[in-house]
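Novice: One structure coming up, written as structure tokens, with questions to follow.
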Amino acid sequence: MDRALAWAEVDISYPPEAEAYRRGVRRFLSEHLPAGWRGLGGLSPDEVPGFVAWWRETLRDHGFLAVSWPAEYGGGGLGPLEEVVLAEELTRAGVPGGGPNDSFGIQMVGNTILTCGTEQQRRHFLPRIVSGEDRWCQGYSEPDAGSDLANLSCRAVRDGDEWVIDGQKIWTSAAHLANWMFLLVRTDPGAPKHRGITFLLVPMGQPGVEVRPIRMITGQSEFNEVFFTGARTALGNVVGEVNGGWAVAMTLLGFERGQAAATLPLRFRAELDRLLALAAERGATGDPVTRQRLAQCYSQVEIMRYLGYRALTSFLRGSRPGPEGSIFKLYWSEYHRRVTELAMDILGLDGLAPTGRWPTSAFQTDDPGAPNSTASWAGTFLNARAGTIYAGTSQVQRNILGEMVLGLPREPRADTGPWDASRRARPA
């Protein structure tokens, strides 16, 4: 009950020191953004990569990357409150909080190494993440272990002072650009499936690692499948305990969803404002059903904002990421599917022959300041389909909430014994 009450309390105020930091961030933005800046969406797709690379260097050089990490690891030496304020202000300005790999490097594996890693791992990897020398990808899902992640079969066997890895991973974002992967492998096939998994850090540029692109419905190839055939990594590249990787993996998933609580409500509100303008331009606001759907979207974005405040309140009080993070992930991904469906309904037949600027990313909203082109909405509509799948499907989020937050009975399982590759450990 105490945990539930603590989770329910929401504090949306900021102390004076946070507002002072906010003013400093705004000064930095006014001094370094180009004149007339209206958001990343105001650039052509060809201009975006160069700007983002320059912007990441600028953030790094002024101490605005990994601001809550200790200075000895390359961070800013500040606290989580400053991290939240910075994320808010960068999102409002229409600029990213780093480069395209920083969600994997800083937000996910970096925070996980900081929390669960050894001192040697922190001193080696964290400064290299901040500098951009190391670029990361995530090795979780497999062809037979997506929603049922603990059913993974990619294995690692100890050979002297190394681990030897064999198996396959799929839906690996940006693997073609990464030189390191954080990887879940099975190291004890005789243990129950959640207890025989280890979290490894693996170099990508070696014999025995093959990356193959996957063409997505948008035409892009940001996803990949990765094959390991006798690939190796050092024995000391285990994060956490051997066969204790499941807890580390869940910690990382909590970090993956954490910063979204500060930034996504702002991005979705900007996107909704753009949709309201589109509806007015096309005369759709005269239809009472469309008005009702727009009003519903507005209500949902406001609810999302307070869900974000609730998650941030827990985060700022020092709570480690937990299963409650599934509330926010489930909510925003299902909302985005609905709001982009509404956008396509407003576009009507024009949405079948999209023209104009396409989104530059396959994830979440289009760039801030993007024009109301049919291509922008069509691309975002297609991207939103994936939002209810990646980082845990909506059904998985509902199961987590039911079992781990609400305390409902677990679903019947046929896989409570040792992991068995022959039966793939599927529920009955």
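Ordered as shown in the structure tokens, chains take letters A, B, and onward, while each chain numbers its residues from 1 and ligands are numbered from 1 in the order shown.
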Considering only C-alpha atoms, return as a PyMOL selection string whatever protein or nucleic-acid residues lie within 12 Å of Leu126 of chain A, sequence-local ones (same chain, fewer than 5 positions apart) excluded.

Specialist: chain A and resi 65-66+69-75+102+105-115+117-121+131-136

Novice: How would the residues just chosen look if you wrote them out with N, CA and C atoms as a short mmCIF file (atom, residue, chain, number, x, y, z; two decimals), in the first residue's frame?

Specialist:
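Final file, result_2.cif:
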data_model
loop_
_atom_site.label_atom_id
_atom_site.label_comp_id
_atom_site.auth_asym_id
_atom_site.auth_seq_id
_atom_site.Cartn_x
_atom_site.Cartn_y
_atom_site.Cartn_z
N LEU A 65 25.72 16.74 -22.06
CA LEU A 65 25.50 15.32 -22.30
C LEU A 65 25.72 14.56 -20.98
N ALA A 66 24.85 13.60 -20.70
CA ALA A 66 24.97 12.78 -19.48
C ALA A 66 25.14 13.67 -18.25
N TRP A 69 25.53 12.12 -14.76
CA TRP A 69 26.63 11.21 -14.46
C TRP A 69 27.73 11.94 -13.70
N PRO A 70 28.47 11.23 -12.85
CA PRO A 70 29.61 11.87 -12.17
C PRO A 70 30.64 12.37 -13.18
N ALA A 71 31.31 13.46 -12.82
CA ALA A 71 32.27 14.08 -13.72
C ALA A 71 33.42 13.14 -14.06
N GLU A 72 33.80 12.26 -13.12
CA GLU A 72 34.94 11.37 -13.38
C GLU A 72 34.65 10.35 -14.48
N TYR A 73 33.37 10.19 -14.84
CA TYR A 73 33.02 9.28 -15.93
C TYR A 73 32.66 10.04 -17.21
N GLY A 74 32.91 11.34 -17.23
CA GLY A 74 32.62 12.12 -18.42
C GLY A 74 31.29 12.85 -18.38
N GLY A 75 30.58 12.77 -17.26
CA GLY A 75 29.27 13.40 -17.15
C GLY A 75 29.35 14.82 -16.62
N ASP A 102 22.59 8.06 -28.81
CA ASP A 102 22.66 8.31 -27.37
C ASP A 102 21.51 7.69 -26.59
N GLY A 105 23.35 4.48 -26.04
CA GLY A 105 24.59 4.62 -25.32
C GLY A 105 24.44 5.25 -23.95
N ILE A 106 23.87 6.47 -23.89
CA ILE A 106 23.75 7.17 -22.62
C ILE A 106 22.55 6.67 -21.83
N GLN A 107 21.39 6.74 -22.46
CA GLN A 107 20.16 6.48 -21.73
C GLN A 107 20.03 5.03 -21.27
N MET A 108 20.40 4.09 -22.14
CA MET A 108 20.19 2.68 -21.80
C MET A 108 21.42 2.05 -21.18
N VAL A 109 22.41 1.69 -22.00
CA VAL A 109 23.52 0.90 -21.47
C VAL A 109 24.40 1.73 -20.54
N GLY A 110 24.57 3.03 -20.80
CA GLY A 110 25.39 3.84 -19.92
C GLY A 110 24.82 3.92 -18.52
N ASN A 111 23.53 4.21 -18.42
CA ASN A 111 22.90 4.26 -17.09
C ASN A 111 22.91 2.89 -16.42
N THR A 112 22.80 1.83 -17.21
CA THR A 112 22.82 0.48 -16.65
C THR A 112 24.20 0.13 -16.12
N ILE A 113 25.26 0.48 -16.86
CA ILE A 113 26.62 0.27 -16.37
C ILE A 113 26.86 1.09 -15.10
N LEU A 114 26.36 2.31 -15.09
CA LEU A 114 26.50 3.16 -13.91
C LEU A 114 25.83 2.53 -12.70
N THR A 115 24.70 1.85 -12.91
CA THR A 115 23.92 1.27 -11.82
C THR A 115 24.40 -0.13 -11.46
N GLY A 117 27.14 -1.97 -13.20
CA GLY A 117 28.46 -2.37 -13.65
C GLY A 117 29.53 -2.26 -12.57
N THR A 118 30.73 -2.74 -12.91
CA THR A 118 31.87 -2.63 -12.02
C THR A 118 32.53 -1.26 -12.18
N GLU A 119 33.38 -0.91 -11.24
CA GLU A 119 34.10 0.36 -11.34
C GLU A 119 34.98 0.37 -12.59
N GLN A 120 35.60 -0.74 -12.91
CA GLN A 120 36.43 -0.80 -14.10
C GLN A 120 35.59 -0.58 -15.36
N GLN A 121 34.40 -1.16 -15.42
CA GLN A 121 33.51 -0.96 -16.57
C GLN A 121 33.09 0.50 -16.67
N SER A 131 32.04 10.62 -25.34
CA SER A 131 32.85 11.15 -26.44
C SER A 131 32.31 10.76 -27.80
N GLY A 132 31.51 9.69 -27.85
CA GLY A 132 31.00 9.20 -29.13
C GLY A 132 31.89 8.16 -29.76
N GLU A 133 32.98 7.79 -29.08
CA GLU A 133 33.89 6.78 -29.61
C GLU A 133 33.22 5.42 -29.71
N ASP A 134 32.40 5.08 -28.72
CA ASP A 134 31.66 3.82 -28.73
C ASP A 134 30.20 4.09 -29.10
N ARG A 135 29.69 3.34 -30.06
CA ARG A 135 28.30 3.44 -30.51
C ARG A 135 27.65 2.08 -30.27
N TRP A 136 26.47 2.08 -29.67
CA TRP A 136 25.87 0.86 -29.14
C TRP A 136 24.61 0.45 -29.89
#

Novice: Determine, counting only C-alpha atoms, which protein, DNA and RNA residues have an atom within 6 Å of an atom of segment 328-333 of chain A; residues of the same chain fewer than 6 positions away are not included. Present the result as JSON, numbers by chain.

Specialist: {"A": [387, 388, 394]}

Novice: Quote the spacing between atom CA of Asp367 of chain A and atom CA of Thr313 of chain A in Å to one decimal place.

Specialist: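 Atom-to-atom, atom CA of Asp367 of chain A and atom CA of Thr313 of chain A are spaced 27.3 Å apart.
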
Novice: Run DSSP on the backbone of this structure and report the residues of segment 114-177 of chain A it assigns to strand (DSSP E), as a ChimeraX atom specification.

Specialist: /A:136-139,155-159,162-169

Novice: Just the selected residues (N, CA and C atoms), exported as an mmCIF file, in the first residue's frame, please.

Specialist:
data_model
loop_
_atom_site.group_PDB
_atom_site.id
_atom_site.type_symbol
_atom_site.label_atom_id
_atom_site.label_comp_id
_atom_site.auth_asym_id
_atom_site.auth_seq_id
_atom_site.Cartn_x
_atom_site.Cartn_y
_atom_site.Cartn_z
ATOM 1 N N TRP A 136 26.466 2.084 -29.673
ATOM 2 C CA TRP A 136 25.875 0.855 -29.144
ATOM 3 C C TRP A 136 24.605 0.449 -29.890
ATOM 4 N N CYS A 137 24.327 -0.856 -29.832
ATOM 5 C CA CYS A 137 23.031 -1.389 -30.264
ATOM 6 C C CYS A 137 22.597 -2.432 -29.242
ATOM 7 N N GLN A 138 21.338 -2.824 -29.331
ATOM 8 C CA GLN A 138 20.700 -3.662 -28.312
ATOM 9 C C GLN A 138 20.423 -5.051 -28.863
ATOM 10 N N GLY A 139 20.943 -6.078 -28.211
ATOM 11 C CA GLY A 139 20.721 -7.464 -28.630
ATOM 12 C C GLY A 139 19.791 -8.191 -27.684
ATOM 13 N N ARG A 155 23.433 -18.254 -27.237
ATOM 14 C CA ARG A 155 24.150 -18.798 -26.081
ATOM 15 C C ARG A 155 25.595 -18.292 -26.030
ATOM 16 N N ALA A 156 26.144 -18.333 -24.837
ATOM 17 C CA ALA A 156 27.546 -18.002 -24.621
ATOM 18 C C ALA A 156 28.153 -19.068 -23.722
ATOM 19 N N VAL A 157 29.323 -19.544 -24.114
ATOM 20 C CA VAL A 157 30.034 -20.583 -23.362
ATOM 21 C C VAL A 157 31.399 -20.039 -22.986
ATOM 22 N N ARG A 158 31.795 -20.239 -21.753
ATOM 23 C CA ARG A 158 33.097 -19.738 -21.307
ATOM 24 C C ARG A 158 34.221 -20.567 -21.918
ATOM 25 N N ASP A 159 35.228 -19.880 -22.420
ATOM 26 C CA ASP A 159 36.419 -20.511 -22.970
ATOM 27 C C ASP A 159 37.627 -19.745 -22.434
ATOM 28 N N GLU A 162 37.457 -15.777 -21.954
ATOM 29 C CA GLU A 162 36.523 -15.204 -22.916
ATOM 30 C C GLU A 162 35.203 -15.962 -22.903
ATOM 31 N N TRP A 163 34.185 -15.311 -23.435
ATOM 32 C CA TRP A 163 32.905 -15.945 -23.750
ATOM 33 C C TRP A 163 32.820 -16.143 -25.257
ATOM 34 N N VAL A 164 32.344 -17.298 -25.672
ATOM 35 C CA VAL A 164 32.150 -17.598 -27.096
ATOM 36 C C VAL A 164 30.647 -17.613 -27.360
ATOM 37 N N ILE A 165 30.212 -16.831 -28.349
ATOM 38 C CA ILE A 165 28.789 -16.554 -28.554
ATOM 39 C C ILE A 165 28.332 -17.135 -29.886
ATOM 40 N N ASP A 166 27.185 -17.837 -29.859
ATOM 41 C CA ASP A 166 26.561 -18.371 -31.066
ATOM 42 C C ASP A 166 25.062 -18.152 -30.983
ATOM 43 N N GLY A 167 24.470 -17.693 -32.096
ATOM 44 C CA GLY A 167 23.027 -17.483 -32.131
ATOM 45 C C GLY A 167 22.653 -16.318 -33.013
ATOM 46 N N GLN A 168 21.426 -15.825 -32.822
ATOM 47 C CA GLN A 168 20.888 -14.779 -33.695
ATOM 48 C C GLN A 168 20.071 -13.788 -32.877
ATOM 49 N N LYS A 169 20.141 -12.508 -33.258
ATOM 50 C CA LYS A 169 19.274 -11.460 -32.730
ATOM 51 C C LYS A 169 18.578 -10.773 -33.902
#

Novice: Show me, as a list in words, the residues that have an atom within 7 Å of Leu200 of chain A when counting only C-alpha atoms, minus same-chain residues fewer than 5 positions from it.

Specialist: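 Surrounding residues, per the criterion: Phe182, Leu183, Leu184, Asn237, Val238 and Val239 of chain A.
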
Novice: Would you output that residue set with C-alpha atoms, as an mmCIF file, in the first residue's frame?

Specialist:
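And here is the file that came out, part_16.cif:
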data_model
loop_
_atom_site.group_PDB
_atom_site.id
_atom_site.type_symbol
_atom_site.label_atom_id
_atom_site.label_comp_id
_atom_site.auth_asym_id
_atom_site.auth_seq_id
_atom_site.Cartn_x
_atom_site.Cartn_y
_atom_site.Cartn_z
ATOM 1 C CA PHE A 182 24.740 -5.027 -25.112
ATOM 2 C CA LEU A 183 23.545 -8.585 -25.440
ATOM 3 C CA LEU A 184 21.390 -11.067 -23.556
ATOM 4 C CA ASN A 237 32.392 -7.797 -20.011
ATOM 5 C CA VAL A 238 29.574 -9.272 -17.909
ATOM 6 C CA VAL A 239 27.350 -6.586 -16.360
#

Novice: Pick out the closest residue to Val52 of chain A from this set: A:Leu78, A:Ile327, A:Val84, A:Val95. Count only C-alpha atoms.

Specialist: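 For Val52 of chain A, the nearest of the given residues is A:Val95.
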
Novice: For the alpha helix (DSSP H) assignment from backbone DSSP, which residues of segment 48-271 of chain A qualify? Please present them as a PyMOL selection string.

Specialist: chain A and resi 48-61+80-93+102+111-116+119-131+245-258+260-271

Novice: Considering only C-alpha atoms, state which residue in the set A:Thr380, A:Thr58, A:Ser326, A:Thr290 is at the smallest distance from Ile400 of chain A.

Specialist: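 Using only C-alpha atoms, the shortest distance to Ile400 of chain A belongs to A:Ser326.
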
Novice: Let me make sure I understand: among A:His194, A:Ile346, A:Val130, A:Val226, which one has the smallest atom-to-atom distance to Val289 of chain A if we use only C-alpha atoms?

Specialist: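 Of A:His194, A:Ile346, A:Val130, A:Val226, the one nearest Val289 of chain A is A:Ile346, counting only C-alpha atoms.
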
Novice: Give me the residues near Pro368 of chain A as a list in words, where near means some atom within 8 Å (using only C-alpha atoms) and where sequence neighbours in that chain fewer than 3 positions away do not count.

Specialist: Arg38, Gly39, Leu40, Gly41, Gly42, Gly94, Val95, Arg267, Ala270 and Glu271 of chain A

Novice: Write out as a ChimeraX atom specification which residues come within 8 Å of Met304 of chain A when counting only C-alpha atoms, dropping same-chain ones fewer than 2 positions away.

Specialist: /A:265,300-302,306-308,328,331-332

Novice: Could you save the residues just selected, with C-alpha atoms, as an mmCIF file, in the first residue's frame?

Specialist:
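Written file, out-v9.cif:
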data_model
loop_
_atom_site.group_PDB
_atom_site.id
_atom_site.type_symbol
_atom_site.label_atom_id
_atom_site.label_comp_id
_atom_site.auth_asym_id
_atom_site.auth_seq_id
_atom_site.Cartn_x
_atom_site.Cartn_y
_atom_site.Cartn_z
ATOM 1 C CA PRO A 265 4.280 14.656 -23.698
ATOM 2 C CA GLN A 300 -5.149 11.990 -23.810
ATOM 3 C CA VAL A 301 -2.109 14.231 -24.306
ATOM 4 C CA GLU A 302 -2.966 16.112 -21.117
ATOM 5 C CA TYR A 306 0.457 14.073 -15.785
ATOM 6 C CA LEU A 307 1.488 10.443 -16.186
ATOM 7 C CA GLY A 308 4.879 11.842 -17.082
ATOM 8 C CA PHE A 328 3.606 5.211 -19.658
ATOM 9 C CA TYR A 331 -0.284 4.730 -22.905
ATOM 10 C CA TRP A 332 1.845 6.717 -25.361
#
